[in-house]
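Undergrad: My structure is in target.cif, and what it holds is mmCIF, C-alpha atoms and all ligand atoms:
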```
data_query
#
loop_
_atom_site.group_PDB
_atom_site.id
_atom_site.type_symbol
_atom_site.label_atom_id
_atom_site.label_comp_id
_atom_site.auth_asym_id
_atom_site.auth_seq_id
_atom_site.Cartn_x
_atom_site.Cartn_y
_atom_site.Cartn_z
ATOM 1 C CA MET A 1 -26.916 -7.594 33.851
ATOM 2 C CA SER A 2 -23.283 -6.763 34.467
ATOM 3 C CA SER A 3 -20.753 -9.449 33.614
ATOM 4 C CA ILE A 4 -18.234 -10.264 36.293
ATOM 5 C CA HIS A 5 -15.122 -12.390 35.785
ATOM 6 C CA PHE A 6 -12.636 -13.468 38.430
ATOM 7 C CA HIS A 7 -8.951 -14.014 37.548
ATOM 8 C CA ASP A 8 -6.532 -15.449 40.116
ATOM 9 C CA LEU A 9 -2.912 -14.630 39.335
ATOM 10 C CA HIS A 10 -1.814 -14.561 42.975
ATOM 11 C CA SER A 11 -1.192 -18.247 43.663
ATOM 12 C CA GLN A 12 1.770 -18.138 41.257
ATOM 13 C CA ILE A 13 3.596 -15.485 43.249
ATOM 14 C CA ASP A 14 2.957 -15.987 46.973
ATOM 15 C CA ARG A 15 6.227 -15.335 48.801
ATOM 16 C CA PHE A 16 5.017 -14.378 52.272
ATOM 17 C CA ALA A 17 7.282 -16.777 54.201
ATOM 18 C CA GLU A 18 10.433 -15.965 52.190
ATOM 19 C CA ASP A 19 9.817 -12.213 52.426
ATOM 20 C CA VAL A 20 9.220 -12.316 56.192
ATOM 21 C CA ILE A 21 12.342 -14.375 56.885
ATOM 22 C CA ALA A 22 14.494 -12.183 54.596
ATOM 23 C CA GLY A 23 13.071 -8.971 56.113
ATOM 24 C CA LEU A 24 13.591 -10.065 59.732
ATOM 25 C CA SER A 25 17.161 -11.148 58.893
ATOM 26 C CA GLN A 26 18.073 -7.542 57.916
ATOM 27 C CA ARG A 27 19.111 -4.846 60.383
ATOM 28 C CA PRO A 28 17.095 -2.735 60.747
ATOM 29 C CA ALA A 29 14.506 -5.475 60.351
ATOM 30 C CA THR A 30 11.769 -4.697 57.835
ATOM 31 C CA LEU A 31 8.433 -6.132 56.775
ATOM 32 C CA ALA A 32 6.657 -5.087 53.574
ATOM 33 C CA PRO A 33 3.463 -3.051 54.152
ATOM 34 C CA LYS A 34 1.566 -4.980 51.485
ATOM 35 C CA TYR A 35 1.338 -7.806 54.031
ATOM 36 C CA PHE A 36 -0.838 -5.701 56.370
ATOM 37 C CA TYR A 37 -3.893 -6.610 54.322
ATOM 38 C CA ASP A 38 -5.178 -9.980 55.525
ATOM 39 C CA GLU A 39 -8.903 -10.023 56.332
ATOM 40 C CA ARG A 40 -8.525 -8.269 59.698
ATOM 41 C CA GLY A 41 -5.884 -5.897 58.326
ATOM 42 C CA SER A 42 -8.185 -4.851 55.484
ATOM 43 C CA ALA A 43 -11.026 -4.250 57.970
ATOM 44 C CA LEU A 44 -8.716 -2.224 60.233
ATOM 45 C CA PHE A 45 -7.576 -0.188 57.256
ATOM 46 C CA GLU A 46 -11.214 0.596 56.396
ATOM 47 C CA ALA A 47 -11.644 1.747 60.017
ATOM 48 C CA ILE A 48 -8.519 3.957 59.706
ATOM 49 C CA THR A 49 -10.022 5.699 56.693
ATOM 50 C CA GLU A 50 -12.937 6.836 58.891
ATOM 51 C CA LEU A 51 -10.858 8.166 61.797
ATOM 52 C CA PRO A 52 -11.075 11.889 62.522
ATOM 53 C CA GLU A 53 -7.253 12.167 62.339
ATOM 54 C CA TYR A 54 -6.884 10.295 59.029
ATOM 55 C CA TYR A 55 -7.694 13.092 56.570
ATOM 56 C CA PRO A 56 -6.447 11.523 53.249
ATOM 57 C CA THR A 57 -9.475 9.381 52.389
ATOM 58 C CA ARG A 58 -12.224 11.912 53.012
ATOM 59 C CA THR A 59 -10.171 14.701 51.420
ATOM 60 C CA GLU A 60 -9.466 12.690 48.277
ATOM 61 C CA ILE A 61 -13.119 11.655 48.005
ATOM 62 C CA GLY A 62 -14.073 15.345 48.218
ATOM 63 C CA ILE A 63 -11.613 16.212 45.436
ATOM 64 C CA LEU A 64 -12.918 13.396 43.206
ATOM 65 C CA ARG A 65 -16.570 14.374 43.820
ATOM 66 C CA ASP A 66 -15.961 18.063 43.210
ATOM 67 C CA ASN A 67 -14.064 17.374 39.989
ATOM 68 C CA ALA A 68 -15.617 14.189 38.558
ATOM 69 C CA ALA A 69 -17.085 15.988 35.535
ATOM 70 C CA ASP A 70 -13.795 17.761 34.870
ATOM 71 C CA ILE A 71 -11.887 14.476 35.129
ATOM 72 C CA ALA A 72 -14.243 12.791 32.644
ATOM 73 C CA ARG A 73 -13.877 15.742 30.245
ATOM 74 C CA GLU A 74 -10.055 15.675 30.452
ATOM 75 C CA VAL A 75 -9.842 11.928 29.820
ATOM 76 C CA GLY A 76 -12.500 11.665 27.112
ATOM 77 C CA SER A 77 -13.750 8.252 26.048
ATOM 78 C CA THR A 78 -12.210 5.360 27.958
ATOM 79 C CA SER A 79 -12.285 1.693 26.954
ATOM 80 C CA LEU A 80 -10.593 0.245 29.947
ATOM 81 C CA LEU A 81 -10.291 1.402 33.550
ATOM 82 C CA VAL A 82 -7.658 -0.431 35.616
ATOM 83 C CA GLU A 83 -7.299 -0.041 39.378
ATOM 84 C CA PRO A 84 -4.271 -1.650 41.039
ATOM 85 C CA GLY A 85 -5.037 -2.235 44.742
ATOM 86 C CA GLY A 86 -8.735 -1.434 44.495
ATOM 87 C CA GLY A 87 -9.591 -2.635 48.024
ATOM 88 C CA SER A 88 -13.191 -1.692 48.794
ATOM 89 C CA LEU A 89 -13.670 -0.168 45.286
ATOM 90 C CA ALA A 90 -15.412 2.818 46.882
ATOM 91 C CA LYS A 91 -13.661 5.710 45.112
ATOM 92 C CA VAL A 92 -14.094 4.383 41.585
ATOM 93 C CA ARG A 93 -17.871 4.649 42.065
ATOM 94 C CA ILE A 94 -17.481 8.431 41.922
ATOM 95 C CA LEU A 95 -15.912 8.209 38.447
ATOM 96 C CA LEU A 96 -17.782 5.396 36.718
ATOM 97 C CA GLU A 97 -20.865 7.280 35.485
ATOM 98 C CA GLY A 98 -18.741 10.080 34.018
ATOM 99 C CA LEU A 99 -16.145 7.815 32.392
ATOM 100 C CA ARG A 100 -18.446 4.987 31.268
ATOM 101 C CA PRO A 101 -15.596 2.563 30.445
ATOM 102 C CA LEU A 102 -16.335 -0.686 28.590
ATOM 103 C CA ALA A 103 -14.570 -2.684 31.256
ATOM 104 C CA TYR A 104 -13.104 -2.230 34.726
ATOM 105 C CA VAL A 105 -10.173 -4.273 36.075
ATOM 106 C CA PRO A 106 -9.738 -3.973 39.864
ATOM 107 C CA MET A 107 -6.548 -5.719 41.045
ATOM 108 C CA ASP A 108 -5.986 -6.673 44.666
ATOM 109 C CA ILE A 109 -3.845 -9.030 46.726
ATOM 110 C CA SER A 110 -6.703 -9.707 49.158
ATOM 111 C CA ARG A 111 -8.777 -12.357 47.346
ATOM 112 C CA ASP A 112 -11.962 -12.523 49.440
ATOM 113 C CA HIS A 113 -12.162 -8.783 49.977
ATOM 114 C CA LEU A 114 -11.836 -8.271 46.208
ATOM 115 C CA ARG A 115 -14.559 -10.830 45.436
ATOM 116 C CA LEU A 116 -17.028 -9.195 47.826
ATOM 117 C CA SER A 117 -16.279 -5.645 46.689
ATOM 118 C CA ALA A 118 -16.501 -6.586 42.987
ATOM 119 C CA ALA A 119 -19.839 -8.349 43.519
ATOM 120 C CA ALA A 120 -21.270 -5.280 45.313
ATOM 121 C CA LEU A 121 -20.030 -3.020 42.514
ATOM 122 C CA ALA A 122 -21.583 -5.265 39.853
ATOM 123 C CA GLU A 123 -24.972 -4.890 41.540
ATOM 124 C CA ASP A 124 -24.792 -1.104 41.513
ATOM 125 C CA PHE A 125 -23.339 -0.749 37.975
ATOM 126 C CA PRO A 126 -25.184 -3.376 35.925
ATOM 127 C CA TRP A 127 -23.866 -1.999 32.611
ATOM 128 C CA LEU A 128 -20.206 -2.566 33.565
ATOM 129 C CA GLU A 129 -18.001 -5.530 32.574
ATOM 130 C CA ILE A 130 -15.790 -6.299 35.596
ATOM 131 C CA HIS A 131 -12.580 -8.354 35.547
ATOM 132 C CA ALA A 132 -11.620 -8.721 39.230
ATOM 133 C CA THR A 133 -7.986 -9.826 39.288
ATOM 134 C CA CYS A 134 -6.298 -11.221 42.385
ATOM 135 C CA THR A 135 -2.628 -10.302 42.103
ATOM 136 C CA ASP A 136 0.260 -8.680 43.946
ATOM 137 C CA TYR A 137 0.316 -5.669 41.631
ATOM 138 C CA SER A 138 3.721 -4.579 42.960
ATOM 139 C CA ARG A 139 5.153 -7.729 41.343
ATOM 140 C CA LEU A 140 2.806 -8.615 38.532
ATOM 141 C CA MET A 141 1.178 -5.786 36.622
ATOM 142 C CA GLN A 142 -0.579 -7.771 33.970
ATOM 143 C CA LEU A 143 -4.045 -7.571 32.477
ATOM 144 C CA PRO A 144 -6.126 -10.714 32.166
ATOM 145 C CA ALA A 145 -6.250 -11.914 28.546
ATOM 146 C CA SER A 146 -9.908 -11.173 27.800
ATOM 147 C CA THR A 147 -10.085 -7.398 28.451
ATOM 148 C CA PRO A 148 -11.037 -4.933 25.684
ATOM 149 C CA THR A 149 -8.334 -2.778 24.047
ATOM 150 C CA GLY A 150 -8.461 0.990 23.450
ATOM 151 C CA THR A 151 -7.780 4.050 25.602
ATOM 152 C CA THR A 152 -6.787 2.879 29.053
ATOM 153 C CA LEU A 153 -6.939 4.845 32.285
ATOM 154 C CA ALA A 154 -5.193 3.534 35.385
ATOM 155 C CA PHE A 155 -6.625 4.772 38.680
ATOM 156 C CA PHE A 156 -4.358 4.633 41.726
ATOM 157 C CA PRO A 157 -5.974 6.606 44.565
ATOM 158 C CA GLY A 158 -5.294 6.720 48.286
ATOM 159 C CA SER A 159 -1.685 7.890 48.070
ATOM 160 C CA SER A 160 -0.613 4.257 47.972
ATOM 161 C CA ILE A 161 2.259 5.463 45.765
ATOM 162 C CA GLY A 162 3.647 6.922 49.015
ATOM 163 C CA ASN A 163 4.191 3.405 50.342
ATOM 164 C CA PHE A 164 6.955 2.830 47.755
ATOM 165 C CA ASP A 165 10.442 4.307 48.128
ATOM 166 C CA PRO A 166 11.003 6.839 45.317
ATOM 167 C CA PRO A 167 13.084 4.499 43.073
ATOM 168 C CA GLU A 168 10.456 1.752 43.518
ATOM 169 C CA ALA A 169 7.737 4.327 42.833
ATOM 170 C CA VAL A 170 9.402 5.212 39.518
ATOM 171 C CA ARG A 171 9.632 1.511 38.605
ATOM 172 C CA PHE A 172 5.976 1.012 39.520
ATOM 173 C CA LEU A 173 4.873 4.085 37.534
ATOM 174 C CA ARG A 174 6.894 2.810 34.553
ATOM 175 C CA ALA A 175 5.001 -0.490 34.768
ATOM 176 C CA ILE A 176 1.727 1.471 34.746
ATOM 177 C CA ALA A 177 2.945 3.554 31.785
ATOM 178 C CA GLU A 178 3.655 0.326 29.914
ATOM 179 C CA LEU A 179 0.273 -1.123 30.847
ATOM 180 C CA VAL A 180 -1.752 1.906 29.662
ATOM 181 C CA GLY A 181 0.522 2.421 26.620
ATOM 182 C CA PRO A 182 1.112 5.586 24.553
ATOM 183 C CA GLY A 183 -1.814 8.023 24.932
ATOM 184 C CA GLY A 184 -2.961 6.203 28.082
ATOM 185 C CA TYR A 185 -3.670 7.958 31.379
ATOM 186 C CA LEU A 186 -3.009 7.657 35.076
ATOM 187 C CA LEU A 187 -5.243 9.330 37.675
ATOM 188 C CA ILE A 188 -3.345 9.165 40.957
ATOM 189 C CA GLY A 189 -3.912 10.426 44.505
ATOM 190 C CA VAL A 190 -0.853 11.826 46.283
ATOM 191 C CA ASP A 191 -0.676 13.043 49.867
ATOM 192 C CA LEU A 192 0.916 16.489 50.193
ATOM 193 C CA LYS A 193 3.666 17.622 52.577
ATOM 194 C CA LYS A 194 2.280 19.506 55.582
ATOM 195 C CA GLU A 195 2.819 20.248 59.264
ATOM 196 C CA SER A 196 4.289 17.163 60.955
ATOM 197 C CA ALA A 197 1.755 17.269 63.845
ATOM 198 C CA ILE A 198 -1.116 16.686 61.383
ATOM 199 C CA LEU A 199 0.782 13.842 59.724
ATOM 200 C CA GLU A 200 1.803 12.171 62.975
ATOM 201 C CA ALA A 201 -1.747 12.265 64.384
ATOM 202 C CA ALA A 202 -3.011 10.612 61.182
ATOM 203 C CA TYR A 203 -0.657 7.662 61.747
ATOM 204 C CA ASP A 204 -0.977 7.425 65.541
ATOM 205 C CA ASP A 205 -4.660 8.021 66.244
ATOM 206 C CA ALA A 206 -6.098 8.453 69.722
ATOM 207 C CA ALA A 207 -8.336 5.366 69.431
ATOM 208 C CA GLY A 208 -5.345 3.104 68.663
ATOM 209 C CA VAL A 209 -6.719 1.738 65.370
ATOM 210 C CA THR A 210 -3.461 2.346 63.489
ATOM 211 C CA ALA A 211 -1.565 0.669 66.332
ATOM 212 C CA ALA A 212 -3.840 -2.385 66.014
ATOM 213 C CA PHE A 213 -3.333 -2.342 62.210
ATOM 214 C CA ASN A 214 0.459 -2.311 62.607
ATOM 215 C CA LEU A 215 0.506 -5.021 65.323
ATOM 216 C CA ASN A 216 -1.884 -7.208 63.310
ATOM 217 C CA LEU A 217 1.011 -7.955 60.979
ATOM 218 C CA LEU A 218 2.673 -9.923 63.795
ATOM 219 C CA THR A 219 -0.614 -11.734 64.533
ATOM 220 C CA ARG A 220 -0.810 -12.649 60.842
ATOM 221 C CA ILE A 221 2.774 -13.979 60.842
ATOM 222 C CA ASN A 222 2.005 -16.063 63.962
ATOM 223 C CA ARG A 223 -1.114 -17.503 62.353
ATOM 224 C CA GLU A 224 0.014 -18.106 58.772
ATOM 225 C CA LEU A 225 3.639 -19.016 59.413
ATOM 226 C CA GLU A 226 4.941 -21.028 62.314
ATOM 227 C CA ALA A 227 5.888 -18.086 64.530
ATOM 228 C CA ASN A 228 5.697 -16.948 68.152
ATOM 229 C CA PHE A 229 5.666 -13.146 68.338
ATOM 230 C CA ASN A 230 4.518 -12.171 71.849
ATOM 231 C CA LEU A 231 2.244 -9.206 71.050
ATOM 232 C CA PRO A 232 2.370 -7.412 74.467
ATOM 233 C CA GLN A 233 6.140 -7.072 73.978
ATOM 234 C CA TRP A 234 5.750 -4.884 70.867
ATOM 235 C CA ARG A 235 4.480 -1.321 70.501
ATOM 236 C CA HIS A 236 3.327 0.770 67.529
ATOM 237 C CA ARG A 237 5.508 3.798 66.694
ATOM 238 C CA ALA A 238 4.893 6.384 63.947
ATOM 239 C CA PHE A 239 6.775 9.629 63.216
ATOM 240 C CA TYR A 240 7.488 12.036 60.376
ATOM 241 C CA ASN A 241 11.061 11.904 59.074
ATOM 242 C CA PRO A 242 11.549 15.261 57.323
ATOM 243 C CA GLY A 243 14.793 14.320 55.481
ATOM 244 C CA PRO A 244 13.247 11.774 53.131
ATOM 245 C CA GLY A 245 9.801 13.400 53.619
ATOM 246 C CA ARG A 246 7.989 10.356 54.923
ATOM 247 C CA ILE A 247 5.970 8.977 57.802
ATOM 248 C CA GLU A 248 7.683 5.883 59.168
ATOM 249 C CA MET A 249 5.807 3.148 61.016
ATOM 250 C CA HIS A 250 7.732 0.743 63.210
ATOM 251 C CA LEU A 251 7.083 -1.986 65.745
ATOM 252 C CA LEU A 252 9.205 -1.361 68.819
ATOM 253 C CA SER A 253 10.603 -4.237 70.860
ATOM 254 C CA LEU A 254 9.841 -3.456 74.533
ATOM 255 C CA ARG A 255 12.446 -5.866 75.886
ATOM 256 C CA PRO A 256 15.266 -8.153 74.690
ATOM 257 C CA GLN A 257 13.577 -11.118 73.070
ATOM 258 C CA GLN A 258 13.885 -13.999 70.654
ATOM 259 C CA VAL A 259 11.227 -14.816 68.072
ATOM 260 C CA VAL A 260 11.160 -17.998 66.003
ATOM 261 C CA VAL A 261 9.623 -17.963 62.517
ATOM 262 C CA GLU A 262 9.482 -21.284 60.653
ATOM 263 C CA GLY A 263 12.447 -22.554 62.659
ATOM 264 C CA HIS A 264 14.562 -19.389 62.152
ATOM 265 C CA PRO A 265 15.472 -17.582 65.402
ATOM 266 C CA PHE A 266 15.563 -13.764 65.397
ATOM 267 C CA HIS A 267 16.923 -11.693 68.296
ATOM 268 C CA PHE A 268 15.685 -8.206 69.104
ATOM 269 C CA LYS A 269 17.230 -5.857 71.649
ATOM 270 C CA GLU A 270 15.072 -3.620 73.842
ATOM 271 C CA GLY A 271 14.352 -0.479 71.767
ATOM 272 C CA GLU A 272 15.101 -2.150 68.429
ATOM 273 C CA THR A 273 12.378 -1.822 65.799
ATOM 274 C CA ILE A 274 10.901 -3.624 62.839
ATOM 275 C CA HIS A 275 10.257 -1.040 60.120
ATOM 276 C CA THR A 276 6.849 -1.887 58.669
ATOM 277 C CA GLU A 277 5.879 1.066 56.462
ATOM 278 C CA ASN A 278 6.959 4.314 54.826
ATOM 279 C CA SER A 279 4.370 6.784 53.626
ATOM 280 C CA TYR A 280 6.072 9.430 51.468
ATOM 281 C CA LYS A 281 4.539 12.891 51.119
ATOM 282 C CA TYR A 282 5.197 14.976 47.974
ATOM 283 C CA SER A 283 4.680 18.564 46.880
ATOM 284 C CA GLY A 284 2.913 18.870 43.504
ATOM 285 C CA GLU A 285 6.231 19.659 41.772
ATOM 286 C CA GLU A 286 8.142 16.823 43.488
ATOM 287 C CA PHE A 287 5.570 14.322 42.345
ATOM 288 C CA ALA A 288 5.435 15.685 38.786
ATOM 289 C CA THR A 289 9.232 15.260 38.588
ATOM 290 C CA LEU A 290 9.000 11.681 39.871
ATOM 291 C CA ALA A 291 6.251 10.817 37.366
ATOM 292 C CA GLY A 292 8.300 12.435 34.576
ATOM 293 C CA LYS A 293 11.084 9.899 35.249
ATOM 294 C CA ALA A 294 8.564 7.158 34.473
ATOM 295 C CA GLY A 295 7.527 8.717 31.140
ATOM 296 C CA PHE A 296 4.384 10.570 32.261
ATOM 297 C CA HIS A 297 3.616 14.225 31.704
ATOM 298 C CA GLY A 298 1.121 16.193 33.769
ATOM 299 C CA GLN A 299 -2.243 16.989 32.202
ATOM 300 C CA ALA A 300 -4.207 18.316 35.196
ATOM 301 C CA LEU A 301 -3.902 18.662 38.960
ATOM 302 C CA TRP A 302 -6.655 19.027 41.549
ATOM 303 C CA SER A 303 -6.463 19.720 45.283
ATOM 304 C CA ASP A 304 -8.654 20.666 48.271
ATOM 305 C CA PRO A 305 -8.863 24.226 49.680
ATOM 306 C CA ALA A 306 -6.594 23.367 52.652
ATOM 307 C CA LYS A 307 -4.000 21.791 50.291
ATOM 308 C CA LEU A 308 -3.908 18.542 52.241
ATOM 309 C CA PHE A 309 -4.091 16.160 49.273
ATOM 310 C CA SER A 310 -3.635 16.195 45.486
ATOM 311 C CA VAL A 311 -4.997 14.243 42.528
ATOM 312 C CA HIS A 312 -2.833 14.232 39.380
ATOM 313 C CA LEU A 313 -3.963 13.316 35.895
ATOM 314 C CA LEU A 314 -0.904 12.126 33.963
ATOM 315 C CA ARG A 315 -0.512 10.962 30.367
ATOM 316 C CA VAL A 316 2.061 8.810 28.568
HETATM 317 C C1 LIG B 401 -2.559 2.488 51.988
HETATM 318 N N1 LIG B 401 -1.704 3.593 52.392
HETATM 319 C C2 LIG B 401 -1.761 4.689 51.425
HETATM 320 C C3 LIG B 401 -1.904 4.058 53.768
HETATM 321 C C4 LIG B 401 -1.001 5.280 54.071
HETATM 322 O O1 LIG B 401 -1.544 6.293 54.500
HETATM 323 O O2 LIG B 401 0.202 5.216 53.823
HETATM 324 C C5 LIG B 401 -1.631 2.942 54.741
HETATM 325 C C6 LIG B 401 -1.711 3.369 56.176
HETATM 326 N N2 LIG B 401 -0.846 3.076 57.102
HETATM 327 C C7 LIG B 401 -1.231 3.581 58.243
HETATM 328 N N3 LIG B 401 -2.329 4.234 58.063
HETATM 329 C C8 LIG B 401 -2.694 4.108 56.777
#
```
I'd like the structure from this file rewritten - as structure tokens, please.
Ligand code: AVI
TA:
Amino acid sequence: MSSIHFHDLHSQIDRFAEDVIAGLSQRPATLAPKYFYDERGSALFEAITELPEYYPTRTEIGILRDNAADIAREVGSTSLLVEPGGGSLAKVRILLEGLRPLAYVPMDISRDHLRLSAAALAEDFPWLEIHATCTDYSRLMQLPASTPTGTTLAFFPGSSIGNFDPPEAVRFLRAIAELVGPGGYLLIGVDLKKESAILEAAYDDAAGVTAAFNLNLLTRINRELEANFNLPQWRHRAFYNPGPGRIEMHLLSLRPQQVVVEGHPFHFKEGETIHTENSYKYSGEEFATLAGKAGFHGQALWSDPAKLFSVHLLRV
């Protein structure tokens, strides 16, 4: 029987209301992409990962499958496997048999989603000790007290690193380096730079799922905070900005309007946007340089034949 433990570190650090009010007070207005993932947002994200235009998930899964034995050989024996932002915990399944860690610590901000995914994983991997940890890993990168010590591998797939601005990414990678300690590893998925038409289709799909995902953030604010966003007056916009090398997602105000959030009025002109997400794309060398600033050196690098996506194994 697998042992499963649940640790809730999130209640200490919930700042949704403060972050929304601060973000909407800025010009350009911004909202943090980590807030996309309420229950509906998490379900919409799962749907995005299956869209024909959204290549990163299926490409990364292919890379992990094709190279799982190689990855296990490179890392050697692992005591602890930590996954910040595990979500559905689907990709780790590809690695578990090869790595055979003593314990696995998935961390996620979305409490119920994490509980369900961890329970399903426990059924399929009865030998594994699981410490499901509800936390905002971008703020609190901390292991629960009762996890085993020894060689630690952090797993951060999905190119979620692209959702941080480069200086934040370096800070986040430093926190991972500290968590895994000297000799510890990071296996990380990074989306590669490519033709902008491929990128833009991936973030503005024909079926409108990404648009629904982006707009759901306003629905969440209306529901969880006292707010009155009028959804038909906002539109999803996504484009590649080649200077910084990132996809930007925005919500476009279709007319002049006022929105009230917890008693704070915010005015938006027609054409003004709320910037909701960046998704940075890196060449292999650009990412290795970034990771070097956080104290990691490259041990191995895998990619797919079309060079859409990369998986780096880094070591402290
Ligand atoms: C979670 N993250 C890596 C996704 C991305 O591709 O940046 C989030 C996403 N946003 C729109 N589509 C997917």
Undergrad: Could you spell out the hits of the PyMOL selection byres (((not hetatm)) within 10 of (chain B and resi 401)) on the shown file, as number ranges by chain?
TA: A: 33-34, 36-37, 42, 44-49, 54-57, 85, 87, 157-164, 189-191, 199, 202-205, 209-211, 213-214, 238, 246-249, 276-281
Undergrad: Calculate how many Å separate atom CA of Trp302 of chain A from atom CA of Phe156 of chain A, rounding to one decimal.
TA: 14.6 Å
Undergrad: Quick one: of A:Ile4, A:Ala169, A:Leu95, A:Leu153, who's nearest to Ile63 of chain A, counting all atoms listed in the file?
TA: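 The closest residue to Ile63 of chain A is A:Leu95.
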Undergrad: Can you work out the spacing between atom CA of Thr151 of chain A and atom CA of Ala90 of chain A in Å, to one decimal?
TA: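 It comes out at 22.6 Å.
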Undergrad: Run through the PyMOL selection byres (((chain A and resi 250) around 6) and not hetatm) on the given coordinates and return the selected residues as a list in words.
TA: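 Answer for the PyMOL selection byres (((chain A and resi 250) around 6) and not hetatm): Arg237, Met249, Leu251, Thr273, Ile274, His275 and Thr276 of chain A.
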Undergrad: Using all atoms listed in the file for the distances, tell me which of A:Phe6, A:Glu286, A:Pro265, A:Thr152 is nearest to Gly183 of chain A.
TA: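 Of all the options, A:Thr152 lies closest to Gly183 of chain A.
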Undergrad: Please measure the separation of atom CA of Leu64 of chain A and atom CA of Ile94 of chain A, giving the value in Å to one decimal.
TA: 6.9 Å
Undergrad: Between A:Val20, A:Ile109, A:Leu192, A:Leu128, single out the one closest to Leu81 of chain A, counting only C-alpha atoms.
TA: A:Leu128
Undergrad: Can you tell me which residues surround Arg73 of chain A at a distance of at most 12 Å, considering only C-alpha atoms, apart from same-chain residues fewer than 2 positions away, and format the answer as a list in words?
TA: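 Once the nearby chain positions are removed, what remains is Asn67, Ala68, Ala69, Asp70, Ile71, Val75, Gly76, Ser77, Thr78, Leu95, Gly98, Leu99, Arg100, Gln299, Ala300 and Leu313 of chain A.
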Undergrad: Find the residues around Ser146 of chain A up to 12 Å (only C-alpha atoms counted), leave out those fewer than 2 positions away in its own chain, and share them as a VMD selection string.
TA: chain A and resid 4 to 7 80 103 to 105 129 to 133 142 to 144 148 to 149
Undergrad: At a cut-off of 10 Å around the point (-0.3, -6.5, 40.6) (file coordinates), what residues fall inside when counting only C-alpha atoms? I'd like the answer as a list in words.
TA: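 Here is the list of nearby residues: Leu9, His10, Glu83, Pro84, Gly85, Pro106, Met107, Asp108, Ile109, Thr133, Cys134, Thr135, Asp136, Tyr137, Ser138, Arg139, Leu140, Met141, Gln142, Leu143, Phe172 and Ala175 of chain A.
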Undergrad: When distances are computed from only C-alpha atoms, which of A:Leu308, A:Gly23, A:Ala227, A:Ser283 shows the smallest separation from Val259 of chain A?
TA: A:Ala227
